[in-house]
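Worksheet for the structure shown next.
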Amino acid sequence: MSELEKQVKQLADDVGMAMKRLDIDAAEKELAKLKEQASAADFWSDNLAAQANVKQQSKLETKIQPWIELQKELDEIAELAAMDDAKLEKELKEKLSGLVKRFAELKGLLKFNGPYDDHDAIISIHAGAGGTDAQDWAQMLLRMYLRFAESHKFKTKMIDESAGEEAGIKSATFEVSGDFIYGQLKGEHGVHRLVRLSPFNADHLRQTSFAKVEIMPLVERPEEVELDEKDLKIDVYRSGGHGGQSVNTTDSAVRITHIPTGITVAIQNERSQLQNKETAMTVLRSRLAQLQLEQHRDHLSELKGPNQSAEWGNQIRSYVLHPYKQVKDLRTGHETSDPDKVLNGQLDEFIAAYLEHTLAN
């Protein structure tokens with residue numbers, strides 16, 4: 001076997017291992033199943049289900065295609081290299097060098113081999129201890145994530161937002177759509193701490209505020225997290241706040257409680273009760289999927305309710321604006337002395353550090 005053949009074989013082995021880790025075979029089977037469903041005559045009779053199918057096909061193709069193409073080109077080079085033709089050697093080496101570079105780029109996807117890493121995400125932000133300062137801090141975090149999404153051309157959709165009494169927000173929930181969004185943002189899940197001179201007290205004293213950020217995989221397909229109807233308590237009530245007269249006079253708001261865990265989701269943004277119920281079910285499935293990941297349970301029946309005190313103790317990052325400037329991730333040790341940049345949505349360094357940290361551990 002020539003040196004070129006050995007190099008091609010080594011790269012082919014590395015590519016094969018990477019594809020196995022990413023479970024490309026399972027993704028191909030799922031894609032074939034979705035395409036078969038899409039070929040049915042009544043496919044578009046359920047518009048929402050059809051859209052979810054098409055969206056999932058696109059995601060799977062984005063995941064699969066680069067690897068299949070790389071493998072195919074490697075097979076072609078291997079076949080030509082086996083001919084041991086000196087005239088072809090230079091051209092084949094150049095092609096192999098190009099494939100090595102492509103593989104190096106694709107290897108970044110190995111960071112996203114979790115069960116939901118290729119999903120979109122639902123982000124919920126909740127003001128914690130600190131009164132008005134905490135509500136203002138929650139709004140600062142909301143702006144930070146929206147700026148991050150905007151800078152990467154990710155799509156966002158607000159699901160629910162509750163304004164604070166004086167300033168900021170009590171909570172906000174929104175979707176982020178793009179490639180491997182949950183995989184990129186899952187490390188943001190936890191408690192974020194802010195230290196600054198408070199703009200909300202007369203003495204302008206230093207204030208510490210907390211806000212909780214929940215990052216959940218967007219689970220739109222019911223079969224991914226199957227819910228038993230008997231485990232759900234569904235309440236319908238009158239919407240309040242913005243939305244116009246028709247919203248305020250219609251019992252369109254929906255609250256769904258998952259009885260075994262006590263998780264409650266309330267949605268009132270949409271005019272239609274049916275739309276609010278569908279959105280609430282999506283958010284509930286997403287919360288339960290995240291809880292399964294946290295508690296390492298195979299079945300929903302094994303889940304315990306979220307432990308609020310433990311979550312609030314799970315501080316992941318500190319943002320200090322006074323007496324010095326620093327943002328530090330307490331898990332990875334990554335830090336910067338430019339909090340303004342971070343709060344303006346430039347999170348890539350912290351995301352990369354977290355992904356490297358999880359791979360190393």
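Chain identifiers are assigned as A, B, and so on, following the order in which chains appear in the structure tokens; residues are numbered from 1 within each chain, and ligands are numbered from 1 in order of appearance.
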
| Every residue of region 110-308 of chain A that DSSP places in alpha helix (DSSP H), as a ChimeraX atom specification | /A:131-151,181-185,245-248,273-295,308

Give me, as JSON lines, each residue of region 117-147 of chain A that comes within 12 Å of region 56-79 of chain A, together with its shortest interatomic pair and the distance in Å at one decimal, counting only C-alpha atoms, with rows ordered by chain and rising residue number.
{"residue": "A:Asp117", "atom": "CA", "partner": "A:Lys63", "partner_atom": "CA", "distance": 11.2}
{"residue": "A:Asp118", "atom": "CA", "partner": "A:Lys59", "partner_atom": "CA", "distance": 7.4}
{"residue": "A:His119", "atom": "CA", "partner": "A:Lys59", "partner_atom": "CA", "distance": 8.4}
{"residue": "A:Asp120", "atom": "CA", "partner": "A:Lys59", "partner_atom": "CA", "distance": 9.9}

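Taking only C-alpha atoms into account, Gln139 (chain A) lies nearest to A:Leu343 out of the set A:Ser97, A:His334, A:Glu91, A:Leu343.
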
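In this comparison, which uses only C-alpha atoms, the residue of A:Val176, A:Leu288, A:Ala32, A:Ser301 approaching Lys155 (chain A) most closely is A:Val176.
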
| query | Could you pull out the strand (DSSP E) residues of region 205-287 of chain A from DSSP and send them as a ChimeraX atom specification? | reply | /A:206-217,232-237,253-258,263-267

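Across the model, the gap from CA of Leu232 (chain A) to CA of Gln273 (chain A) is 16.6 Å.
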
| query | Rounded to one decimal in Å, what is the spacing between CA of Asn276 (chain A) and CA of Ala40 (chain A)? | reply | 28.4 Å

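Residues with any atom within 8 Å of Gly164 (chain A), counting only C-alpha atoms and excluding same-chain neighbours fewer than 5 positions away, are A:Thr132, A:Gln135, A:Ile169, A:Lys170.
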
Could you list, with a cut-off of 9 Å and counting only C-alpha atoms, the residues of region 122-174 of chain A near region 187-198 of chain A, each shown with its nearest atom pair and the distance in Å rounded to one decimal, rows sorted by chain and ascending number, as CSV?
residue,atom,partner,partner_atom,distance
A:Ile123,CA,A:His189,CA,8.8
A:Gly128,CA,A:Val191,CA,8.9
A:Asp133,CA,A:Ser198,CA,6.9
A:Ala134,CA,A:Leu194,CA,8.5
A:Trp137,CA,A:Leu194,CA,7.2
A:Leu141,CA,A:His192,CA,8.8

Export, as a PDB file, in the first residue's frame, the selected residues with N, CA and C atoms.
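Saved file selection-v1.pdb follows:
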ATOM      1  N   ILE A 123     -35.786  29.975  24.973  1.00  0.00           N
ATOM      2  CA  ILE A 123     -35.057  30.624  26.059  1.00  0.00           C
ATOM      3  C   ILE A 123     -36.066  31.314  26.971  1.00  0.00           C
ATOM      4  N   GLY A 128     -34.648  37.282  39.388  1.00  0.00           N
ATOM      5  CA  GLY A 128     -34.546  36.621  40.687  1.00  0.00           C
ATOM      6  C   GLY A 128     -34.428  37.621  41.819  1.00  0.00           C
ATOM      7  N   ASP A 133     -33.829  45.992  40.428  1.00  0.00           N
ATOM      8  CA  ASP A 133     -32.518  45.769  39.791  1.00  0.00           C
ATOM      9  C   ASP A 133     -32.488  44.423  39.072  1.00  0.00           C
ATOM     10  N   ALA A 134     -33.074  43.403  39.688  1.00  0.00           N
ATOM     11  CA  ALA A 134     -33.084  42.074  39.067  1.00  0.00           C
ATOM     12  C   ALA A 134     -33.954  42.062  37.813  1.00  0.00           C
ATOM     13  N   TRP A 137     -32.019  43.652  35.199  1.00  0.00           N
ATOM     14  CA  TRP A 137     -30.975  42.714  34.795  1.00  0.00           C
ATOM     15  C   TRP A 137     -31.545  41.653  33.849  1.00  0.00           C
ATOM     16  N   LEU A 141     -30.336  40.825  29.987  1.00  0.00           N
ATOM     17  CA  LEU A 141     -30.018  39.507  29.445  1.00  0.00           C
ATOM     18  C   LEU A 141     -30.857  39.205  28.204  1.00  0.00           C
TER      19      LEU A 141
END

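Taking CA of Ala49 (chain A) as the reference point, CA of Lys277 (chain A) is found at 15.0 Å.
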
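Checking A:Arg21, A:Leu96, A:Met144, A:Arg221 one by one against Val54 (chain A), counting only C-alpha atoms, you find the shortest gap at A:Arg221.
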
| query | Which residue, A:Val100, A:Arg297, A:Glu161, A:Gln184, has the smallest gap to Ala12 (chain A) when you use only C-alpha atoms? | reply | A:Val100

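If you measure from each of A:Ala138, A:Asn47, A:Arg147, A:Glu223 to Ala163 (chain A) using only C-alpha atoms, the closest one turns out to be A:Ala138.
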